[in-house]
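Okay, model.pdb is below, PDB, C-alpha atoms:
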ATOM      1  CA  MET F 769       0.000   0.000   0.000
ATOM      2  CA  MET F 770       1.211   3.449  -0.854
ATOM      3  CA  GLU F 771       1.006   5.816   2.067
ATOM      4  CA  PRO F 772      -0.506   9.257   1.520
ATOM      5  CA  LEU F 773       2.723  11.142   2.169
ATOM      6  CA  GLU F 774       4.515   9.050  -0.463
ATOM      7  CA  MET F 775       2.071  10.354  -3.032
ATOM      8  CA  ILE F 776       3.149  13.882  -2.179
ATOM      9  CA  LYS F 777       6.738  12.754  -2.733
ATOM     10  CA  ASP F 778       5.834  12.092  -6.375
ATOM     11  CA  SER F 779       4.758  15.735  -6.659
ATOM     12  CA  LEU F 780       8.246  17.038  -5.777
ATOM     13  CA  ASN F 781       9.533  19.483  -8.382
ATOM     14  CA  LYS F 782       6.053  19.613  -9.970
ATOM     15  CA  GLN F 783       3.256  22.186 -10.046
ATOM     16  CA  ILE F 784       0.774  21.610  -7.242
ATOM     17  CA  TYR F 785      -2.431  23.161  -5.925
ATOM     18  CA  ILE F 786      -2.919  23.733  -2.185
ATOM     19  CA  LYS F 787      -6.111  24.701  -0.399
ATOM     20  CA  LEU F 788      -5.472  26.521   2.857
ATOM     21  CA  ARG F 789      -7.593  27.696   5.790
ATOM     22  CA  ASN F 790      -9.239  31.141   5.587
ATOM     23  CA  ASP F 791     -10.216  30.906   1.888
ATOM     24  CA  ARG F 792      -6.690  30.870   0.535
ATOM     25  CA  GLU F 793      -5.446  28.796  -2.370
ATOM     26  CA  LEU F 794      -1.923  28.441  -3.717
ATOM     27  CA  THR F 795      -0.324  27.057  -6.833
ATOM     28  CA  GLY F 796       3.390  26.651  -7.392
ATOM     29  CA  LYS F 797       6.304  24.257  -7.766
ATOM     30  CA  LEU F 798       6.829  22.024  -4.739
ATOM     31  CA  ASN F 799      10.451  22.157  -3.603
ATOM     32  CA  ALA F 800      10.232  20.592  -0.139
ATOM     33  CA  PHE F 801       7.791  19.215   2.426
ATOM     34  CA  ASP F 802       7.823  17.345   5.742
ATOM     35  CA  GLN F 803       5.387  15.215   7.769
ATOM     36  CA  HIS F 804       3.569  18.316   9.083
ATOM     37  CA  LEU F 805       2.966  19.433   5.482
ATOM     38  CA  ASN F 806       5.238  22.402   5.985
ATOM     39  CA  MET F 807       6.288  23.205   2.421
ATOM     40  CA  ILE F 808       8.462  25.400   0.246
ATOM     41  CA  LEU F 809       6.860  26.555  -3.009
ATOM     42  CA  GLU F 810       8.602  28.277  -5.902
ATOM     43  CA  ASN F 811       6.811  30.907  -8.028
ATOM     44  CA  ALA F 812       3.747  30.598  -5.841
ATOM     45  CA  GLU F 813       0.529  32.363  -6.701
ATOM     46  CA  GLU F 814      -1.908  32.933  -3.857
ATOM     47  CA  THR F 815      -5.616  33.530  -4.400
ATOM     48  CA  HIS F 816      -7.496  34.967  -1.438
ATOM     49  CA  THR F 817     -11.273  34.868  -1.860
ATOM     50  CA  SER F 818     -13.446  37.249   0.132
ATOM     51  CA  VAL F 819     -17.207  37.797   0.071
ATOM     52  CA  GLU F 820     -18.605  41.305  -0.067
ATOM     53  CA  LEU F 821     -22.220  42.403   0.030
ATOM     54  CA  ASP F 822     -23.277  44.598  -2.884
ATOM     55  CA  GLU F 823     -24.723  47.745  -1.250
ATOM     56  CA  GLU F 824     -27.561  48.168  -3.727
ATOM     57  CA  THR F 825     -28.677  44.663  -4.610
ATOM     58  CA  TYR F 826     -27.495  42.951  -1.381
ATOM     59  CA  GLU F 827     -26.058  40.185  -3.523
ATOM     60  CA  GLN F 828     -22.952  38.388  -2.394
ATOM     61  CA  VAL F 829     -19.983  39.325  -4.550
ATOM     62  CA  TYR F 830     -16.940  37.042  -4.496
ATOM     63  CA  LYS F 831     -13.708  38.980  -4.789
ATOM     64  CA  GLN F 832     -10.438  37.257  -5.631
ATOM     65  CA  ASN F 833      -7.153  38.863  -4.684
ATOM     66  CA  LYS F 834      -4.092  37.365  -6.344
ATOM     67  CA  ARG F 835      -0.441  37.887  -5.525
ATOM     68  CA  SER F 836       2.757  36.060  -6.339
ATOM     69  CA  MET F 837       5.747  35.115  -4.220
ATOM     70  CA  PRO F 838       9.008  33.861  -5.796
ATOM     71  CA  MET F 839       9.895  31.507  -2.919
ATOM     72  CA  VAL F 840       7.741  30.889   0.138
ATOM     73  CA  PHE F 841       7.650  28.629   3.193
ATOM     74  CA  ILE F 842       4.116  27.519   4.142
ATOM     75  CA  ARG F 843       3.365  26.357   7.653
ATOM     76  CA  GLY F 844       1.624  22.980   7.500
ATOM     77  CA  ASP F 845      -1.085  23.624  10.101
ATOM     78  CA  GLY F 846      -2.979  25.804   7.615
ATOM     79  CA  VAL F 847      -3.148  23.154   4.899
ATOM     80  CA  ILE F 848      -6.512  21.556   4.015
ATOM     81  CA  LEU F 849      -5.648  19.619   0.845
ATOM     82  CA  LEU F 850      -3.046  19.128  -1.854
ATOM     83  CA  SER F 851      -3.597  18.222  -5.466
ATOM     84  CA  SER F 852      -1.340  17.701  -8.448
ATOM     85  CA  HIS F 853      -4.007  19.176 -10.743
ATOM     86  CA  THR F 854      -3.369  22.894 -11.001
ATOM     87  CA  ASP F 855      -6.251  23.857 -13.288
ATOM     88  CA  HIS F 856      -8.560  25.158 -10.562
TER      89      HIS F 856
ATOM     90  CA  MET Q 654      14.110  18.571  11.145
ATOM     91  CA  LEU Q 655      14.334  19.507   7.456
ATOM     92  CA  PHE Q 656      12.933  23.008   7.824
ATOM     93  CA  PHE Q 657      14.769  23.627  11.109
ATOM     94  CA  SER Q 658      18.083  22.956   9.340
ATOM     95  CA  TYR Q 659      16.940  24.963   6.364
ATOM     96  CA  PHE Q 660      16.062  28.024   8.436
ATOM     97  CA  LYS Q 661      19.323  27.732  10.392
ATOM     98  CA  ASP Q 662      21.167  28.145   7.087
ATOM     99  CA  LEU Q 663      19.095  31.269   6.384
ATOM    100  CA  VAL Q 664      20.244  33.053   9.580
ATOM    101  CA  GLY Q 665      21.437  36.547   8.705
ATOM    102  CA  ARG Q 666      19.262  36.770   5.589
ATOM    103  CA  GLU Q 667      16.337  39.093   4.965
ATOM    104  CA  VAL Q 668      12.915  37.387   5.234
ATOM    105  CA  THR Q 669       9.256  38.447   5.395
ATOM    106  CA  VAL Q 670       7.134  36.593   7.939
ATOM    107  CA  GLU Q 671       3.374  36.709   7.429
ATOM    108  CA  LEU Q 672       1.291  35.820  10.468
ATOM    109  CA  LYS Q 673      -2.122  34.167  10.626
ATOM    110  CA  ASN Q 674      -3.664  37.533  11.623
ATOM    111  CA  ASP Q 675      -2.350  39.035   8.325
ATOM    112  CA  LEU Q 676       0.391  41.103   9.994
ATOM    113  CA  ALA Q 677       3.534  40.880   7.863
ATOM    114  CA  LEU Q 678       6.990  41.642   9.287
ATOM    115  CA  SER Q 679      10.242  41.960   7.356
ATOM    116  CA  GLY Q 680      13.593  41.665   9.032
ATOM    117  CA  THR Q 681      16.886  39.881   9.397
ATOM    118  CA  LEU Q 682      16.532  36.305  10.577
ATOM    119  CA  HIS Q 683      18.415  36.208  13.896
ATOM    120  CA  SER Q 684      17.644  32.680  15.044
ATOM    121  CA  VAL Q 685      15.232  29.769  14.824
ATOM    122  CA  ASP Q 686      14.485  26.729  17.005
ATOM    123  CA  GLN Q 687      12.993  23.255  16.600
ATOM    124  CA  TYR Q 688       9.417  24.596  16.852
ATOM    125  CA  LEU Q 689      10.244  27.046  14.043
ATOM    126  CA  ASN Q 690       9.879  29.927  16.499
ATOM    127  CA  ILE Q 691      11.619  32.841  14.825
ATOM    128  CA  LYS Q 692      13.613  35.787  16.125
ATOM    129  CA  LEU Q 693      13.782  38.785  13.793
ATOM    130  CA  GLU Q 694      16.040  41.832  14.020
ATOM    131  CA  ASN Q 695      15.735  45.242  12.318
ATOM    132  CA  THR Q 696      12.029  44.526  11.997
ATOM    133  CA  ARG Q 697       9.776  46.573   9.707
ATOM    134  CA  VAL Q 698       6.019  46.180   9.493
ATOM    135  CA  VAL Q 699       5.142  45.807   5.804
ATOM    136  CA  ASP Q 700       1.817  47.696   6.036
ATOM    137  CA  GLN Q 701       2.697  50.531   8.430
ATOM    138  CA  ASP Q 702      -0.530  52.454   7.790
ATOM    139  CA  LYS Q 703      -2.603  49.542   9.002
ATOM    140  CA  TYR Q 704      -0.461  48.765  12.057
ATOM    141  CA  PRO Q 705       0.948  52.113  13.301
ATOM    142  CA  HIS Q 706       1.257  50.784  16.857
ATOM    143  CA  MET Q 707       3.943  48.390  15.613
ATOM    144  CA  LEU Q 708       6.198  51.201  14.316
ATOM    145  CA  SER Q 709       8.599  51.099  17.270
ATOM    146  CA  VAL Q 710       9.093  47.325  17.202
ATOM    147  CA  ARG Q 711      12.715  46.694  16.177
ATOM    148  CA  ASN Q 712      13.335  43.150  17.396
ATOM    149  CA  CYS Q 713      10.813  40.427  17.968
ATOM    150  CA  PHE Q 714      10.259  36.801  18.816
ATOM    151  CA  ILE Q 715       7.519  35.114  16.791
ATOM    152  CA  ARG Q 716       5.897  31.938  18.064
ATOM    153  CA  GLY Q 717       6.139  29.341  15.302
ATOM    154  CA  SER Q 718       2.483  28.347  15.499
ATOM    155  CA  VAL Q 719       1.204  31.808  14.450
ATOM    156  CA  VAL Q 720       3.212  31.883  11.223
ATOM    157  CA  ARG Q 721       1.330  31.448   7.918
ATOM    158  CA  TYR Q 722       4.106  32.126   5.381
ATOM    159  CA  VAL Q 723       7.779  32.992   5.370
ATOM    160  CA  GLN Q 724       8.823  34.665   2.132
ATOM    161  CA  LEU Q 725      12.400  33.690   1.357
ATOM    162  CA  PRO Q 726      15.220  35.183  -0.707
ATOM    163  CA  PRO Q 727      14.915  33.026  -3.871
ATOM    164  CA  GLU Q 728      18.572  33.339  -4.860
ATOM    165  CA  GLY Q 729      19.783  31.646  -1.675
ATOM    166  CA  VAL Q 730      17.731  28.479  -2.130
ATOM    167  CA  ASP Q 731      19.491  25.338  -3.341
ATOM    168  CA  VAL Q 732      16.540  23.535  -4.911
ATOM    169  CA  GLU Q 733      18.418  20.252  -5.481
ATOM    170  CA  LEU Q 734      19.476  20.160  -1.841
ATOM    171  CA  LEU Q 735      15.859  20.642  -0.766
ATOM    172  CA  HIS Q 736      14.658  17.799  -3.008
ATOM    173  CA  ASP Q 737      17.288  15.402  -1.650
ATOM    174  CA  ALA Q 738      16.560  16.372   1.960
ATOM    175  CA  THR Q 739      12.812  15.939   1.400
ATOM    176  CA  ARG Q 740      13.230  12.439  -0.083
ATOM    177  CA  ARG Q 741      15.507  11.425   2.784
ATOM    178  CA  GLU Q 742      13.050  12.807   5.371
ATOM    179  CA  ALA Q 743      10.048  11.122   3.739
ATOM    180  CA  ARG Q 744      11.822   7.743   3.842
ATOM    181  CA  GLY Q 745      12.926   8.010   7.468
ATOM    182  CA  GLY Q 746       9.796   9.610   8.912
TER     183      GLY Q 746
END
Would it be possible to restate this file's structure as structure tokens?
Amino acid sequence: MMEPLEMIKDSLNKQIYIKLRNDRELTGKLNAFDQHLNMILENAEETHTSVELDEETYEQVYKQNKRSMPMVFIRGDGVILLSSHTDH
Amino acid sequence: MLFFSYFKDLVGREVTVELKNDLALSGTLHSVDQYLNIKLENTRVVDQDKYPHMLSVRNCFIRGSVVRYVQLPPEGVDVELLHDATRREARGG
């Protein structure tokens, strides 16, 4: 049986998608990880989704803020899921 | 152990630590421990307009558990070394 962490090992040096707590998502090249899912991503792009209420129609408007980071360490306790498919 | 060793090698470099409450601090990495607690020197708050009460903070200790991201100097990262260390760690742990 292949353990879950071994599957992440196959994603080393590849583009991955990470869903984080607080409506944050990241894509980037996985350079390192450990058993806590602490990670180092290269050329990471973060998408932060926030909901705002339109003042006239009272409709919920989803706003996406994107930013990029050339090299970033991610603390594992914020990680919800990892995927090798980056087309989210 | 991987990231502890990694951060130890980054001592003296400029990093930006972003906390879970969105506060981001830049500074020189002074030291790190096994919990990835971080000590920063010559600290600057990235968004000074939003956190004016932090203006006078020059040195600080950051508890590892409140860190969300650490933005690293990309030129100082040996990617091959990280890959090897990760494979070794994944086998042993």
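Remark: for Met807 (chain F), the closest of the candidate residues F:Glu820, F:Asp845, F:Arg789, F:Met769 is F:Asp845 (distances computed over only C-alpha atoms).
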I'd like to see the residues matched by the PyMOL selection byres ((chain Q) within 10 of (chain F)) on this file, and ideally I'd get them as an mmCIF file with C-alpha atoms, in the frame of the given file.
data_model
loop_
_atom_site.group_PDB
_atom_site.id
_atom_site.type_symbol
_atom_site.label_atom_id
_atom_site.label_comp_id
_atom_site.auth_asym_id
_atom_site.auth_seq_id
_atom_site.Cartn_x
_atom_site.Cartn_y
_atom_site.Cartn_z
ATOM 1 C CA MET Q 654 14.110 18.571 11.145
ATOM 2 C CA LEU Q 655 14.334 19.507 7.456
ATOM 3 C CA PHE Q 656 12.933 23.008 7.824
ATOM 4 C CA PHE Q 660 16.062 28.024 8.436
ATOM 5 C CA VAL Q 668 12.915 37.387 5.234
ATOM 6 C CA THR Q 669 9.256 38.447 5.395
ATOM 7 C CA VAL Q 670 7.134 36.593 7.939
ATOM 8 C CA GLU Q 671 3.374 36.709 7.429
ATOM 9 C CA LYS Q 673 -2.122 34.167 10.626
ATOM 10 C CA LEU Q 689 10.244 27.046 14.043
ATOM 11 C CA GLY Q 717 6.139 29.341 15.302
ATOM 12 C CA SER Q 718 2.483 28.347 15.499
ATOM 13 C CA VAL Q 719 1.204 31.808 14.450
ATOM 14 C CA VAL Q 720 3.212 31.883 11.223
ATOM 15 C CA ARG Q 721 1.330 31.448 7.918
ATOM 16 C CA TYR Q 722 4.106 32.126 5.381
ATOM 17 C CA VAL Q 723 7.779 32.992 5.370
ATOM 18 C CA GLN Q 724 8.823 34.665 2.132
ATOM 19 C CA LEU Q 725 12.400 33.690 1.357
ATOM 20 C CA PRO Q 726 15.220 35.183 -0.707
ATOM 21 C CA PRO Q 727 14.915 33.026 -3.871
ATOM 22 C CA GLU Q 728 18.572 33.339 -4.860
ATOM 23 C CA GLY Q 729 19.783 31.646 -1.675
ATOM 24 C CA VAL Q 730 17.731 28.479 -2.130
ATOM 25 C CA ASP Q 731 19.491 25.338 -3.341
ATOM 26 C CA VAL Q 732 16.540 23.535 -4.911
ATOM 27 C CA GLU Q 733 18.418 20.252 -5.481
ATOM 28 C CA LEU Q 734 19.476 20.160 -1.841
ATOM 29 C CA LEU Q 735 15.859 20.642 -0.766
ATOM 30 C CA HIS Q 736 14.658 17.799 -3.008
ATOM 31 C CA ASP Q 737 17.288 15.402 -1.650
ATOM 32 C CA ALA Q 738 16.560 16.372 1.960
ATOM 33 C CA THR Q 739 12.812 15.939 1.400
ATOM 34 C CA ARG Q 740 13.230 12.439 -0.083
ATOM 35 C CA GLU Q 742 13.050 12.807 5.371
ATOM 36 C CA ALA Q 743 10.048 11.122 3.739
ATOM 37 C CA ARG Q 744 11.822 7.743 3.842
ATOM 38 C CA GLY Q 746 9.796 9.610 8.912
#
Q) Residues picked by the PyMOL selection byres ((chain Q and resi 685) around 12) here, as a ChimeraX atom specification? A) /Q:654,656-665,681-684,686-693,713-717
I'd like the box whose edges run along x, y and z of the file and which contains every listed atom of region 705-712 of chain Q, padded by 8 Å per side; could you state its centre and edge lengths in Å, one decimal, as AutoDock Vina command-line options?
--center_x 7.1 --center_y 47.6 --center_z 15.3 --size_x 28.4 --size_y 25.0 --size_z 20.1
(Q) Quick check, in Å to one decimal: how far apart do CA of Lys834 (chain F) and CA of Leu805 (chain F) lie? (A)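 CA of Lys834 (chain F) sits 22.6 Å away from CA of Leu805 (chain F).
Distances from F:Val819, F:Glu813, F:Leu794, F:Tyr830 to Ser852 (chain F) were compared using only C-alpha atoms, and the smallest one belongs to F:Leu794.
Here CA of Leu849 (chain F) and CA of Lys782 (chain F) stand 15.9 Å from one another.
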Mind checking which residues fall within 9 Å of Ser779 (chain F), counting only C-alpha atoms, ignoring those fewer than 4 positions away in the same chain, and posting them as a short mmCIF file (atom, residue, chain, number, x, y, z; two decimals) with C-alpha atoms, in the frame of the given file?
data_model
loop_
_atom_site.label_atom_id
_atom_site.label_comp_id
_atom_site.auth_asym_id
_atom_site.auth_seq_id
_atom_site.Cartn_x
_atom_site.Cartn_y
_atom_site.Cartn_z
CA MET F 775 2.07 10.35 -3.03
CA GLN F 783 3.26 22.19 -10.05
CA ILE F 784 0.77 21.61 -7.24
CA LYS F 797 6.30 24.26 -7.77
CA LEU F 798 6.83 22.02 -4.74
CA SER F 851 -3.60 18.22 -5.47
CA SER F 852 -1.34 17.70 -8.45
#
For region 665-699 of chain Q of the block above, can you save N, CA and C atoms as an mmCIF file, in the first residue's frame?
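Listed below is the output, result-v5.cif:
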data_model
loop_
_atom_site.group_PDB
_atom_site.id
_atom_site.type_symbol
_atom_site.label_atom_id
_atom_site.label_comp_id
_atom_site.auth_asym_id
_atom_site.auth_seq_id
_atom_site.Cartn_x
_atom_site.Cartn_y
_atom_site.Cartn_z
ATOM 1 N N GLY Q 665 20.709 35.404 9.248
ATOM 2 C CA GLY Q 665 21.437 36.547 8.705
ATOM 3 C C GLY Q 665 20.828 37.088 7.428
ATOM 4 N N ARG Q 666 19.905 36.336 6.836
ATOM 5 C CA ARG Q 666 19.262 36.770 5.589
ATOM 6 C C ARG Q 666 17.988 37.566 5.882
ATOM 7 N N GLU Q 667 17.559 38.280 4.861
ATOM 8 C CA GLU Q 667 16.337 39.093 4.965
ATOM 9 C C GLU Q 667 15.120 38.220 4.613
ATOM 10 N N VAL Q 668 14.134 38.156 5.510
ATOM 11 C CA VAL Q 668 12.915 37.387 5.234
ATOM 12 C C VAL Q 668 11.680 38.225 5.575
ATOM 13 N N THR Q 669 10.538 37.828 5.032
ATOM 14 C CA THR Q 669 9.256 38.447 5.395
ATOM 15 C C THR Q 669 8.368 37.375 5.995
ATOM 16 N N VAL Q 670 7.970 37.569 7.248
ATOM 17 C CA VAL Q 670 7.134 36.593 7.939
ATOM 18 C C VAL Q 670 5.699 37.113 7.947
ATOM 19 N N GLU Q 671 4.781 36.317 7.404
ATOM 20 C CA GLU Q 671 3.374 36.709 7.429
ATOM 21 C C GLU Q 671 2.653 35.857 8.452
ATOM 22 N N LEU Q 672 1.952 36.532 9.384
ATOM 23 C CA LEU Q 672 1.291 35.820 10.468
ATOM 24 C C LEU Q 672 -0.154 35.485 10.103
ATOM 25 N N LYS Q 673 -0.747 34.604 10.911
ATOM 26 C CA LYS Q 673 -2.122 34.167 10.626
ATOM 27 C C LYS Q 673 -3.124 35.299 10.791
ATOM 28 N N ASN Q 674 -2.758 36.377 11.508
ATOM 29 C CA ASN Q 674 -3.664 37.533 11.623
ATOM 30 C C ASN Q 674 -3.371 38.584 10.548
ATOM 31 N N ASP Q 675 -2.652 38.198 9.488
ATOM 32 C CA ASP Q 675 -2.350 39.035 8.325
ATOM 33 C C ASP Q 675 -1.221 40.039 8.536
ATOM 34 N N LEU Q 676 -0.745 40.209 9.764
ATOM 35 C CA LEU Q 676 0.391 41.103 9.994
ATOM 36 C C LEU Q 676 1.634 40.521 9.321
ATOM 37 N N ALA Q 677 2.314 41.344 8.528
ATOM 38 C CA ALA Q 677 3.534 40.880 7.863
ATOM 39 C C ALA Q 677 4.722 41.696 8.361
ATOM 40 N N LEU Q 678 5.793 40.994 8.754
ATOM 41 C CA LEU Q 678 6.990 41.642 9.287
ATOM 42 C C LEU Q 678 8.192 41.249 8.438
ATOM 43 N N SER Q 679 8.983 42.253 8.033
ATOM 44 C CA SER Q 679 10.242 41.960 7.356
ATOM 45 C C SER Q 679 11.372 42.180 8.339
ATOM 46 N N GLY Q 680 12.448 41.451 8.168
ATOM 47 C CA GLY Q 680 13.593 41.665 9.032
ATOM 48 C C GLY Q 680 14.686 40.657 8.770
ATOM 49 N N THR Q 681 15.775 40.816 9.516
ATOM 50 C CA THR Q 681 16.886 39.881 9.397
ATOM 51 C C THR Q 681 16.630 38.697 10.316
ATOM 52 N N LEU Q 682 16.738 37.506 9.768
ATOM 53 C CA LEU Q 682 16.532 36.305 10.577
ATOM 54 C C LEU Q 682 17.687 36.164 11.569
ATOM 55 N N HIS Q 683 17.367 36.286 12.867
ATOM 56 C CA HIS Q 683 18.415 36.208 13.896
ATOM 57 C C HIS Q 683 18.619 34.778 14.369
ATOM 58 N N SER Q 684 17.514 34.075 14.608
ATOM 59 C CA SER Q 684 17.644 32.680 15.044
ATOM 60 C C SER Q 684 16.319 31.952 14.885
ATOM 61 N N VAL Q 685 16.403 30.620 14.986
ATOM 62 C CA VAL Q 685 15.232 29.769 14.824
ATOM 63 C C VAL Q 685 15.436 28.564 15.737
ATOM 64 N N ASP Q 686 14.337 27.938 16.195
ATOM 65 C CA ASP Q 686 14.485 26.729 17.005
ATOM 66 C C ASP Q 686 13.662 25.581 16.415
ATOM 67 N N GLN Q 687 13.628 24.465 17.132
ATOM 68 C CA GLN Q 687 12.993 23.255 16.600
ATOM 69 C C GLN Q 687 11.495 23.418 16.363
ATOM 70 N N TYR Q 688 10.854 24.362 17.066
ATOM 71 C CA TYR Q 688 9.417 24.596 16.852
ATOM 72 C C TYR Q 688 9.183 25.577 15.702
ATOM 73 N N LEU Q 689 10.275 26.006 15.073
ATOM 74 C CA LEU Q 689 10.244 27.046 14.043
ATOM 75 C C LEU Q 689 9.765 28.378 14.619
ATOM 76 N N ASN Q 690 9.971 28.575 15.952
ATOM 77 C CA ASN Q 690 9.879 29.927 16.499
ATOM 78 C C ASN Q 690 10.969 30.731 15.812
ATOM 79 N N ILE Q 691 10.696 32.023 15.609
ATOM 80 C CA ILE Q 691 11.619 32.841 14.825
ATOM 81 C C ILE Q 691 11.956 34.101 15.591
ATOM 82 N N LYS Q 692 13.250 34.478 15.599
ATOM 83 C CA LYS Q 692 13.613 35.787 16.125
ATOM 84 C C LYS Q 692 14.080 36.665 14.974
ATOM 85 N N LEU Q 693 13.448 37.839 14.865
ATOM 86 C CA LEU Q 693 13.782 38.785 13.793
ATOM 87 C C LEU Q 693 14.448 40.015 14.381
ATOM 88 N N GLU Q 694 15.418 40.564 13.637
ATOM 89 C CA GLU Q 694 16.040 41.832 14.020
ATOM 90 C C GLU Q 694 15.839 42.850 12.911
ATOM 91 N N ASN Q 695 15.985 44.142 13.263
ATOM 92 C CA ASN Q 695 15.735 45.242 12.318
ATOM 93 C C ASN Q 695 14.365 45.083 11.650
ATOM 94 N N THR Q 696 13.365 44.835 12.490
ATOM 95 C CA THR Q 696 12.029 44.526 11.997
ATOM 96 C C THR Q 696 11.342 45.755 11.393
ATOM 97 N N ARG Q 697 10.659 45.552 10.293
ATOM 98 C CA ARG Q 697 9.776 46.573 9.707
ATOM 99 C C ARG Q 697 8.423 45.934 9.478
ATOM 100 N N VAL Q 698 7.357 46.664 9.819
ATOM 101 C CA VAL Q 698 6.019 46.180 9.493
ATOM 102 C C VAL Q 698 5.749 46.536 8.043
ATOM 103 N N VAL Q 699 5.305 45.566 7.236
ATOM 104 C CA VAL Q 699 5.142 45.807 5.804
ATOM 105 C C VAL Q 699 4.060 46.860 5.548
#
